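Q: So that you have it, the file is structure.pdb, and it contains PDB, C-alpha atoms:
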```pdb
ATOM      1  CA  MET A   1     -74.384 -86.349 -61.626
ATOM      2  CA  SER A   2     -72.309 -85.806 -58.500
ATOM      3  CA  THR A   3     -72.310 -88.385 -55.712
ATOM      4  CA  ASN A   4     -72.407 -87.224 -52.109
ATOM      5  CA  VAL A   5     -70.296 -89.212 -49.662
ATOM      6  CA  LEU A   6     -70.672 -89.075 -45.899
ATOM      7  CA  ARG A   7     -68.044 -90.188 -43.382
ATOM      8  CA  THR A   8     -69.088 -91.447 -39.954
ATOM      9  CA  PRO A   9     -67.377 -93.326 -37.094
ATOM     10  CA  ASP A  10     -68.668 -96.499 -38.791
ATOM     11  CA  GLY A  11     -67.182 -95.797 -42.219
ATOM     12  CA  TRP A  12     -68.201 -94.252 -45.532
ATOM     13  CA  TRP A  13     -71.706 -93.870 -46.974
ATOM     14  CA  ALA A  14     -73.177 -92.882 -50.347
ATOM     15  CA  VAL A  15     -76.062 -90.449 -49.855
ATOM     16  CA  ARG A  16     -79.241 -90.427 -51.915
ATOM     17  CA  ASN A  17     -82.349 -88.387 -51.059
ATOM     18  CA  GLU A  18     -81.537 -88.004 -47.358
ATOM     19  CA  ARG A  19     -80.758 -91.705 -47.000
ATOM     20  CA  ALA A  20     -77.320 -93.311 -46.931
ATOM     21  CA  VAL A  21     -76.029 -96.666 -48.156
ATOM     22  CA  ARG A  22     -72.842 -98.043 -46.663
ATOM     23  CA  ILE A  23     -69.869 -98.155 -49.041
ATOM     24  CA  GLU A  24     -68.198-101.568 -48.866
ATOM     25  CA  THR A  25     -64.594-100.431 -48.802
ATOM     26  CA  LYS A  26     -61.493-100.894 -46.691
ATOM     27  CA  ALA A  27     -60.624 -97.227 -47.171
ATOM     28  CA  VAL A  28     -59.747 -95.337 -44.010
ATOM     29  CA  THR A  29     -58.460 -92.093 -45.486
ATOM     30  CA  THR A  30     -60.039 -89.825 -48.081
ATOM     31  CA  ALA A  31     -57.204 -90.642 -50.486
ATOM     32  CA  GLU A  32     -57.910 -94.362 -50.107
ATOM     33  CA  LEU A  33     -61.612 -93.817 -50.735
ATOM     34  CA  LEU A  34     -60.867 -91.840 -53.900
ATOM     35  CA  ALA A  35     -58.836 -94.811 -55.121
ATOM     36  CA  ASP A  36     -61.897 -97.039 -54.640
ATOM     37  CA  ARG A  37     -64.439 -95.161 -56.744
ATOM     38  CA  ALA A  38     -65.900 -98.462 -57.926
ATOM     39  CA  ALA A  39     -67.142 -99.164 -54.410
ATOM     40  CA  VAL A  40     -68.649 -95.663 -54.217
ATOM     41  CA  ARG A  41     -70.467 -96.131 -57.514
ATOM     42  CA  GLU A  42     -71.758 -99.542 -56.450
ATOM     43  CA  ALA A  43     -73.230 -98.125 -53.240
ATOM     44  CA  ALA A  44     -74.705 -95.121 -55.037
ATOM     45  CA  ALA A  45     -76.410 -97.400 -57.566
ATOM     46  CA  SER A  46     -77.616 -99.856 -54.941
ATOM     47  CA  GLY A  47     -81.303-100.553 -54.620
ATOM     48  CA  GLU A  48     -81.030-100.562 -50.841
ATOM     49  CA  ARG A  49     -83.338 -98.158 -49.045
ATOM     50  CA  GLY A  50     -80.494 -97.240 -46.725
ATOM     51  CA  THR A  51     -80.277 -95.434 -43.392
ATOM     52  CA  PRO A  52     -81.690 -91.941 -42.745
ATOM     53  CA  VAL A  53     -78.827 -89.439 -42.887
ATOM     54  CA  ALA A  54     -80.291 -87.739 -39.817
ATOM     55  CA  ASP A  55     -79.505 -90.912 -37.805
ATOM     56  CA  LEU A  56     -75.787 -90.776 -38.655
ATOM     57  CA  VAL A  57     -73.009 -88.785 -36.982
ATOM     58  CA  ALA A  58     -71.091 -86.839 -39.643
ATOM     59  CA  LEU A  59     -67.326 -86.588 -39.411
ATOM     60  CA  PRO A  60     -65.295 -84.321 -41.710
ATOM     61  CA  PRO A  61     -65.120 -86.127 -45.079
ATOM     62  CA  VAL A  62     -61.518 -84.928 -45.500
ATOM     63  CA  THR A  63     -59.310 -87.048 -43.261
ATOM     64  CA  THR A  64     -56.185 -85.709 -41.611
ATOM     65  CA  PRO A  65     -53.248 -85.317 -41.695
ATOM     66  CA  CYS A  66     -53.348 -83.684 -45.106
ATOM     67  CA  ARG A  67     -52.299 -80.416 -46.704
ATOM     68  CA  VAL A  68     -54.796 -77.612 -46.126
ATOM     69  CA  VAL A  69     -54.090 -74.613 -48.350
ATOM     70  CA  ALA A  70     -56.251 -71.493 -48.616
ATOM     71  CA  GLN A  71     -56.606 -68.534 -50.975
ATOM     72  CA  MET A  72     -56.656 -65.001 -49.607
ATOM     73  CA  VAL A  73     -59.055 -62.293 -50.887
ATOM     74  CA  ASN A  74     -60.493 -64.196 -53.843
ATOM     75  CA  TYR A  75     -63.980 -62.679 -54.187
ATOM     76  CA  ARG A  76     -64.638 -59.170 -55.468
ATOM     77  CA  SER A  77     -67.118 -58.468 -52.688
ATOM     78  CA  HIS A  78     -64.586 -59.519 -50.045
ATOM     79  CA  ALA A  79     -61.870 -57.425 -51.695
ATOM     80  CA  LYS A  80     -64.175 -54.405 -51.512
ATOM     81  CA  ASP A  81     -64.970 -55.070 -47.843
ATOM     82  CA  SER A  82     -61.250 -55.397 -47.140
ATOM     83  CA  GLY A  83     -60.328 -52.101 -48.775
ATOM     84  CA  PHE A  84     -58.425 -53.576 -51.737
ATOM     85  CA  THR A  85     -58.396 -51.751 -55.057
ATOM     86  CA  GLY A  86     -56.872 -52.626 -58.416
ATOM     87  CA  ASP A  87     -55.536 -56.043 -59.359
ATOM     88  CA  ILE A  88     -55.206 -58.587 -56.561
ATOM     89  CA  PRO A  89     -52.551 -61.248 -57.211
ATOM     90  CA  PRO A  90     -53.331 -64.854 -56.227
ATOM     91  CA  THR A  91     -52.090 -65.355 -52.658
ATOM     92  CA  PHE A  92     -52.061 -68.548 -50.579
ATOM     93  CA  PHE A  93     -51.470 -69.532 -46.978
ATOM     94  CA  ARG A  94     -51.467 -72.803 -45.061
ATOM     95  CA  LYS A  95     -53.738 -73.981 -42.280
ATOM     96  CA  ALA A  96     -52.866 -76.762 -39.849
ATOM     97  CA  SER A  97     -54.845 -79.883 -40.693
ATOM     98  CA  GLY A  98     -55.496 -80.207 -36.958
ATOM     99  CA  SER A  99     -57.975 -77.341 -37.420
ATOM    100  CA  VAL A 100     -60.297 -79.564 -39.491
ATOM    101  CA  SER A 101     -63.467 -80.437 -37.575
ATOM    102  CA  GLY A 102     -66.872 -81.927 -38.281
ATOM    103  CA  PRO A 103     -69.798 -80.075 -39.879
ATOM    104  CA  HIS A 104     -71.748 -79.920 -36.618
ATOM    105  CA  ASP A 105     -68.883 -79.724 -34.126
ATOM    106  CA  THR A 106     -68.622 -76.733 -31.816
ATOM    107  CA  ILE A 107     -66.308 -73.901 -32.878
ATOM    108  CA  VAL A 108     -64.232 -73.181 -29.779
ATOM    109  CA  ARG A 109     -63.028 -69.618 -29.239
ATOM    110  CA  PRO A 110     -59.639 -69.595 -27.440
ATOM    111  CA  ALA A 111     -59.604 -67.502 -24.275
ATOM    112  CA  HIS A 112     -57.161 -64.927 -25.707
ATOM    113  CA  VAL A 113     -59.194 -64.358 -28.899
ATOM    114  CA  ASN A 114     -61.663 -61.470 -28.807
ATOM    115  CA  PHE A 115     -62.539 -61.120 -32.485
ATOM    116  CA  LEU A 116     -63.645 -64.456 -33.934
ATOM    117  CA  ASP A 117     -64.768 -64.318 -37.560
ATOM    118  CA  TYR A 118     -66.353 -66.679 -40.106
ATOM    119  CA  GLU A 119     -65.623 -67.284 -43.814
ATOM    120  CA  VAL A 120     -67.738 -69.740 -45.810
ATOM    121  CA  GLU A 121     -65.553 -71.262 -48.534
ATOM    122  CA  LEU A 122     -65.718 -73.848 -51.294
ATOM    123  CA  GLY A 123     -63.104 -76.555 -50.743
ATOM    124  CA  LEU A 124     -61.513 -78.493 -53.603
ATOM    125  CA  VAL A 125     -60.468 -82.042 -52.707
ATOM    126  CA  MET A 126     -57.627 -83.340 -54.828
ATOM    127  CA  GLY A 127     -58.056 -86.689 -56.549
ATOM    128  CA  ALA A 128     -54.650 -86.922 -58.223
ATOM    129  CA  THR A 129     -51.154 -85.627 -57.552
ATOM    130  CA  LEU A 130     -50.548 -82.100 -58.793
ATOM    131  CA  PRO A 131     -46.767 -81.934 -59.386
ATOM    132  CA  VAL A 132     -44.788 -78.701 -59.226
ATOM    133  CA  GLY A 133     -44.826 -77.058 -62.651
ATOM    134  CA  THR A 134     -48.270 -78.318 -63.689
ATOM    135  CA  VAL A 135     -50.389 -76.031 -65.855
ATOM    136  CA  VAL A 136     -54.100 -76.685 -65.326
ATOM    137  CA  GLU A 137     -56.599 -75.622 -67.968
ATOM    138  CA  GLU A 138     -60.352 -75.563 -67.329
ATOM    139  CA  GLN A 139     -60.803 -78.850 -69.188
ATOM    140  CA  ASP A 140     -58.116 -80.446 -66.991
ATOM    141  CA  LEU A 141     -59.911 -79.878 -63.673
ATOM    142  CA  PRO A 142     -61.542 -83.347 -63.609
ATOM    143  CA  SER A 143     -58.077 -84.886 -63.908
ATOM    144  CA  TYR A 144     -56.920 -83.321 -60.635
ATOM    145  CA  VAL A 145     -59.977 -82.414 -58.540
ATOM    146  CA  ALA A 146     -62.097 -85.307 -57.290
ATOM    147  CA  GLY A 147     -64.760 -83.361 -55.485
ATOM    148  CA  LEU A 148     -65.966 -80.476 -53.379
ATOM    149  CA  VAL A 149     -66.623 -79.813 -49.704
ATOM    150  CA  LEU A 150     -68.212 -77.016 -47.728
ATOM    151  CA  THR A 151     -65.756 -75.346 -45.339
ATOM    152  CA  ASN A 152     -65.628 -72.427 -42.914
ATOM    153  CA  ASP A 153     -62.266 -70.669 -42.594
ATOM    154  CA  VAL A 154     -62.723 -69.483 -39.002
ATOM    155  CA  SER A 155     -60.314 -66.667 -38.140
ATOM    156  CA  ALA A 156     -58.943 -65.047 -34.987
ATOM    157  CA  ARG A 157     -58.703 -61.524 -36.366
ATOM    158  CA  ASP A 158     -56.794 -60.006 -33.448
ATOM    159  CA  VAL A 159     -54.055 -62.627 -33.913
ATOM    160  CA  GLN A 160     -54.100 -62.301 -37.705
ATOM    161  CA  LEU A 161     -53.840 -58.523 -37.838
ATOM    162  CA  THR A 162     -51.478 -57.696 -34.979
ATOM    163  CA  LYS A 163     -49.019 -60.482 -35.834
ATOM    164  CA  THR A 164     -49.655 -60.565 -39.600
ATOM    165  CA  GLN A 165     -49.973 -64.246 -38.811
ATOM    166  CA  PHE A 166     -52.401 -66.176 -40.989
ATOM    167  CA  TYR A 167     -51.146 -69.632 -40.017
ATOM    168  CA  GLU A 168     -51.755 -69.229 -36.291
ATOM    169  CA  SER A 169     -54.921 -67.168 -36.572
ATOM    170  CA  LYS A 170     -56.641 -69.771 -38.745
ATOM    171  CA  SER A 171     -55.214 -73.009 -37.353
ATOM    172  CA  TYR A 172     -56.638 -73.437 -33.861
ATOM    173  CA  PRO A 173     -58.577 -76.684 -33.307
ATOM    174  CA  THR A 174     -62.147 -76.464 -34.733
ATOM    175  CA  PHE A 175     -61.207 -73.551 -37.035
ATOM    176  CA  THR A 176     -61.976 -75.449 -40.265
ATOM    177  CA  PRO A 177     -65.439 -77.032 -40.046
ATOM    178  CA  THR A 178     -65.655 -79.306 -43.096
ATOM    179  CA  GLY A 179     -68.530 -81.219 -44.683
ATOM    180  CA  PRO A 180     -70.976 -82.774 -44.225
ATOM    181  CA  TYR A 181     -70.633 -84.164 -47.738
ATOM    182  CA  LEU A 182     -67.774 -84.831 -50.080
ATOM    183  CA  ALA A 183     -69.418 -84.303 -53.464
ATOM    184  CA  LEU A 184     -67.582 -86.500 -55.955
ATOM    185  CA  LEU A 185     -67.972 -84.913 -59.379
ATOM    186  CA  GLU A 186     -68.376 -86.325 -62.859
ATOM    187  CA  PRO A 187     -66.570 -84.409 -65.654
ATOM    188  CA  GLU A 188     -69.764 -82.667 -66.796
ATOM    189  CA  ASP A 189     -70.403 -81.351 -63.271
ATOM    190  CA  PHE A 190     -67.431 -78.988 -63.477
ATOM    191  CA  ASP A 191     -69.360 -76.787 -65.908
ATOM    192  CA  ARG A 192     -71.763 -76.028 -63.040
ATOM    193  CA  LEU A 193     -69.190 -74.676 -60.581
ATOM    194  CA  ILE A 194     -69.964 -71.095 -61.588
ATOM    195  CA  ASP A 195     -73.555 -71.604 -60.369
ATOM    196  CA  LEU A 196     -72.609 -72.666 -56.857
ATOM    197  CA  ARG A 197     -74.027 -70.307 -54.236
ATOM    198  CA  LEU A 198     -72.249 -69.822 -50.906
ATOM    199  CA  ARG A 199     -74.457 -68.806 -47.989
ATOM    200  CA  LEU A 200     -73.671 -68.287 -44.311
ATOM    201  CA  SER A 201     -75.897 -67.054 -41.514
ATOM    202  CA  VAL A 202     -75.406 -66.451 -37.806
ATOM    203  CA  ASN A 203     -78.404 -67.063 -35.549
ATOM    204  CA  GLY A 204     -80.603 -67.146 -38.649
ATOM    205  CA  VAL A 205     -79.445 -63.782 -40.022
ATOM    206  CA  THR A 206     -77.743 -63.954 -43.431
ATOM    207  CA  ARG A 207     -74.183 -62.605 -43.442
ATOM    208  CA  GLN A 208     -72.717 -63.972 -46.714
ATOM    209  CA  ASP A 209     -74.503 -64.807 -49.978
ATOM    210  CA  ARG A 210     -72.664 -64.953 -53.324
ATOM    211  CA  THR A 211     -72.092 -67.297 -56.260
ATOM    212  CA  LEU A 212     -68.745 -68.263 -57.761
ATOM    213  CA  ALA A 213     -69.353 -65.589 -60.404
ATOM    214  CA  ASP A 214     -67.937 -63.210 -57.767
ATOM    215  CA  MET A 215     -64.673 -65.201 -57.637
ATOM    216  CA  ILE A 216     -61.515 -63.470 -58.858
ATOM    217  CA  VAL A 217     -59.160 -66.421 -59.505
ATOM    218  CA  ARG A 218     -60.998 -69.547 -60.658
ATOM    219  CA  PRO A 219     -59.896 -73.057 -59.594
ATOM    220  CA  ALA A 220     -57.878 -73.960 -62.715
ATOM    221  CA  GLN A 221     -55.825 -70.767 -62.516
ATOM    222  CA  ALA A 222     -55.430 -71.124 -58.756
ATOM    223  CA  LEU A 223     -54.046 -74.653 -59.100
ATOM    224  CA  THR A 224     -51.658 -73.503 -61.828
ATOM    225  CA  VAL A 225     -50.281 -70.699 -59.633
ATOM    226  CA  LEU A 226     -50.096 -72.977 -56.597
ATOM    227  CA  ALA A 227     -48.231 -75.613 -58.611
ATOM    228  CA  ARG A 228     -45.391 -73.167 -59.214
ATOM    229  CA  PHE A 229     -44.111 -74.035 -55.725
ATOM    230  CA  GLN A 230     -46.431 -76.578 -54.072
ATOM    231  CA  THR A 231     -47.238 -80.224 -54.744
ATOM    232  CA  LEU A 232     -50.708 -81.454 -53.837
ATOM    233  CA  ASP A 233     -51.707 -85.095 -53.407
ATOM    234  CA  PRO A 234     -55.005 -87.013 -53.342
ATOM    235  CA  GLY A 235     -57.022 -86.072 -50.273
ATOM    236  CA  ASP A 236     -55.412 -82.629 -49.908
ATOM    237  CA  LEU A 237     -57.735 -79.644 -49.514
ATOM    238  CA  LEU A 238     -57.699 -76.209 -51.164
ATOM    239  CA  LEU A 239     -60.005 -73.536 -49.733
ATOM    240  CA  THR A 240     -60.845 -71.093 -52.523
ATOM    241  CA  GLY A 241     -61.671 -67.875 -50.677
ATOM    242  CA  THR A 242     -64.733 -66.251 -49.142
ATOM    243  CA  PRO A 243     -67.261 -63.690 -50.371
ATOM    244  CA  GLY A 244     -67.967 -60.372 -48.693
ATOM    245  CA  GLY A 245     -69.965 -60.168 -45.513
ATOM    246  CA  THR A 246     -67.441 -61.204 -42.874
ATOM    247  CA  ALA A 247     -67.417 -59.356 -39.569
ATOM    248  CA  LEU A 248     -64.064 -57.714 -40.338
ATOM    249  CA  LYS A 249     -64.221 -54.788 -42.743
ATOM    250  CA  ALA A 250     -61.652 -52.160 -43.631
ATOM    251  CA  PRO A 251     -62.062 -48.779 -41.898
ATOM    252  CA  PRO A 252     -63.153 -45.785 -44.006
ATOM    253  CA  LYS A 253     -60.308 -44.218 -45.989
ATOM    254  CA  PRO A 254     -60.026 -41.035 -43.859
ATOM    255  CA  VAL A 255     -59.780 -43.122 -40.692
ATOM    256  CA  GLU A 256     -57.196 -45.384 -42.328
ATOM    257  CA  LYS A 257     -55.050 -42.407 -43.326
ATOM    258  CA  ILE A 258     -55.128 -40.951 -39.832
ATOM    259  CA  ALA A 259     -54.320 -44.335 -38.271
ATOM    260  CA  ALA A 260     -51.294 -44.676 -40.537
ATOM    261  CA  LEU A 261     -49.739 -41.699 -38.768
ATOM    262  CA  LEU A 262     -49.953 -43.353 -35.359
ATOM    263  CA  PRO A 263     -47.311 -45.603 -33.771
ATOM    264  CA  PRO A 264     -48.233 -49.292 -34.284
ATOM    265  CA  ALA A 265     -49.287 -49.868 -30.664
ATOM    266  CA  LEU A 266     -51.644 -46.876 -30.709
ATOM    267  CA  LYS A 267     -52.927 -47.747 -34.177
ATOM    268  CA  TRP A 268     -53.965 -51.265 -33.161
ATOM    269  CA  LYS A 269     -55.408 -50.068 -29.866
ATOM    270  CA  ALA A 270     -57.609 -47.582 -31.714
ATOM    271  CA  PHE A 271     -58.606 -50.132 -34.332
ATOM    272  CA  PHE A 272     -59.633 -52.816 -31.855
ATOM    273  CA  ASN A 273     -61.430 -50.306 -29.649
ATOM    274  CA  GLY A 274     -63.574 -49.651 -32.697
ATOM    275  CA  GLN A 275     -63.955 -53.360 -33.466
ATOM    276  CA  ALA A 276     -65.176 -53.985 -29.920
ATOM    277  CA  LYS A 277     -68.379 -52.158 -30.914
ATOM    278  CA  ASN A 278     -68.903 -54.469 -33.912
ATOM    279  CA  PRO A 279     -71.710 -56.939 -33.068
ATOM    280  CA  LEU A 280     -70.936 -59.280 -35.978
ATOM    281  CA  TYR A 281     -68.030 -61.184 -34.422
ATOM    282  CA  LEU A 282     -68.872 -64.661 -33.169
ATOM    283  CA  ARG A 283     -69.722 -65.058 -29.521
ATOM    284  CA  ASP A 284     -70.458 -67.853 -27.077
ATOM    285  CA  GLY A 285     -73.892 -69.314 -27.859
ATOM    286  CA  ASP A 286     -74.019 -68.283 -31.530
ATOM    287  CA  LEU A 287     -75.068 -70.785 -34.196
ATOM    288  CA  VAL A 288     -73.359 -70.610 -37.600
ATOM    289  CA  THR A 289     -75.196 -72.184 -40.540
ATOM    290  CA  ALA A 290     -73.569 -72.542 -43.959
ATOM    291  CA  THR A 291     -74.567 -74.098 -47.294
ATOM    292  CA  ILE A 292     -73.158 -74.404 -50.810
ATOM    293  CA  ALA A 293     -75.329 -75.658 -53.682
ATOM    294  CA  THR A 294     -76.434 -74.989 -57.242
ATOM    295  CA  PRO A 295     -79.983 -73.618 -57.590
ATOM    296  CA  ASP A 296     -81.247 -76.884 -59.070
ATOM    297  CA  GLY A 297     -79.562 -79.029 -56.402
ATOM    298  CA  ARG A 298     -77.473 -80.935 -58.933
ATOM    299  CA  ILE A 299     -74.492 -80.188 -56.684
ATOM    300  CA  ASP A 300     -75.394 -79.801 -53.023
ATOM    301  CA  LEU A 301     -72.693 -79.955 -50.356
ATOM    302  CA  GLY A 302     -75.166 -80.128 -47.479
ATOM    303  CA  ALA A 303     -75.483 -77.813 -44.487
ATOM    304  CA  GLN A 304     -73.179 -77.053 -41.584
ATOM    305  CA  ARG A 305     -74.668 -76.123 -38.232
ATOM    306  CA  THR A 306     -71.849 -75.237 -35.872
ATOM    307  CA  PRO A 307     -72.453 -73.731 -32.440
ATOM    308  CA  VAL A 308     -69.852 -71.376 -30.962
ATOM    309  CA  ALA A 309     -68.540 -71.730 -27.408
ATOM    310  CA  ASP A 310     -65.806 -70.120 -25.368
ATOM    311  CA  ALA A 311     -62.937 -72.359 -24.296
ATOM    312  CA  ARG A 312     -63.585 -73.736 -20.802
TER     313      ARG A 312
END
```
Here is a file; write its structure as structure tokens.

A:
Amino acid sequence: MSTNVLRTPDGWWAVRNERAVRIETKAVTTAELLADRAAVREAAASGERGTPVADLVALPPVTTPCRVVAQMVNYRSHAKDSGFTGDIPPTFFRKASGSVSGPHDTIVRPAHVNFLDYEVELGLVMGATLPVGTVVEEQDLPSYVAGLVLTNDVSARDVQLTKTQFYESKSYPTFTPTGPYLALLEPEDFDRLIDLRLRLSVNGVTRQDRTLADMIVRPAQALTVLARFQTLDPGDLLLTGTPGGTALKAPPKPVEKIAALLPPALKWKAFFNGQAKNPLYLRDGDLVTATIATPDGRIDLGAQRTPVADAR
């Protein structure tokens, strides 16, 4: 059975039935906490009634600095929305760890960004070093992945598309809401990953809703491909892609073909003139709610509620 861990300004807590018991540990970073699993287990098994979770202020359970790596176009529904056809090779990009924010912190839209998008994603938190050259089989996942977190890969689409710049467009402060819980998994929990359901709504209206069955490249394969060139260490975070339903969608094929004939400046002007009519992009005053859980609640990463505000 997975154990949910909450991080607050006062330290780390093991969560049980909406109540939290303080973990007696000297750990400051996520990596240090993962090295003190005995303290986590002791708190989780404690007979203490604990403190109501609602009375605690949740910080991101992944501490920074750390590596934040993300997969691009890794759900079939998102690939369809994005206009991809045929085989899609595993592709990764980096996000600045300074983009990591709390599960209820405000997402701040920079003044120059007009098209702010959302992407609910399952985050894998590493529990052991993944050296370059490692081959990870499904049965090996518990040896490298300690747990899971709920994340939102917030994206400035006008920066991403015009500059072909993933790093900048996804790395502004508050662009990776993370948590509330770090779900530390037992080996048998990994068999339930396929049942995890990702949901995201804006102002109460559902935008994204898929299970991991829609995923193209599963975690073991993703880690194997990533390990061809990238080392990961305990406490590092891998975002595993988003399902369909984001605000950005590929234009119809006839429109795309016509746009391809235009000079780049005119092409982007026409594209963003069309996007300006899209009501799905995030705006000042919106509330984004996201959850990831199995139907039976055996793994439940909690809920994010992140308001959106323009930079002041």

Q: Distance atom CA of Thr242 of chain A-atom CA of Val73 of chain A, one decimal place?

A: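 Between atom CA of Thr242 of chain A and atom CA of Val73 of chain A the gap is 7.1 Å.
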
Q: Measuring between all atoms listed in the file, which one of A:Phe84, A:Tyr172, A:Asp153, A:Thr30 shows the shortest distance to Ala111 of chain A?

A: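 Residue with the minimum atom-to-atom distance to Ala111 of chain A: A:Tyr172.
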
Q: May I ask which of the residues A:Thr289, A:Thr306, A:Asn4, A:Gln208 is the closest one to Ser77 of chain A, counting all atoms listed in the file?

A: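 Comparing A:Thr289, A:Thr306, A:Asn4, A:Gln208 against Ser77 of chain A, the winner is A:Gln208.
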
Q: For this structure, which residues satisfy the selection - the PyMOL selection byres ((chain A and resi 22) around 10) - when it is evaluated on the file as given? I want them as a list of chain:residue names.

A: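 Answer for the PyMOL selection byres ((chain A and resi 22) around 10): A:Val5, A:Leu6, A:Arg7, A:Asp10, A:Gly11, A:Trp12, A:Trp13, A:Ala14, A:Val15, A:Ala20, A:Val21, A:Ile23, A:Glu24, A:Thr25, A:Ala39, A:Val40, A:Glu42, A:Ala43, A:Ala44, A:Ser46, A:Glu48, A:Gly50, A:Thr51.
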
Q: Can you work out which one of A:Gly83, A:Pro279, A:Pro131, A:Pro60 has the shortest atom-to-atom distance to Val100 of chain A, counting all atoms listed in the file?

A: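 The answer is A:Pro60, which sits nearest to Val100 of chain A.
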
Q: Could you state which residues are captured by the PyMOL selection byres ((chain A and resi 292) around 6) in this file, as a PyMOL selection string?

A: chain A and resi 197-198+291+293+301

Q: What's the 8 Å shell around Leu59 of chain A, counting all atoms listed in the file, without same-chain residues fewer than 6 positions away, as JSON, numbers by chain?

A: {"A": [6, 7, 8, 9, 101, 102, 103, 179, 180]}
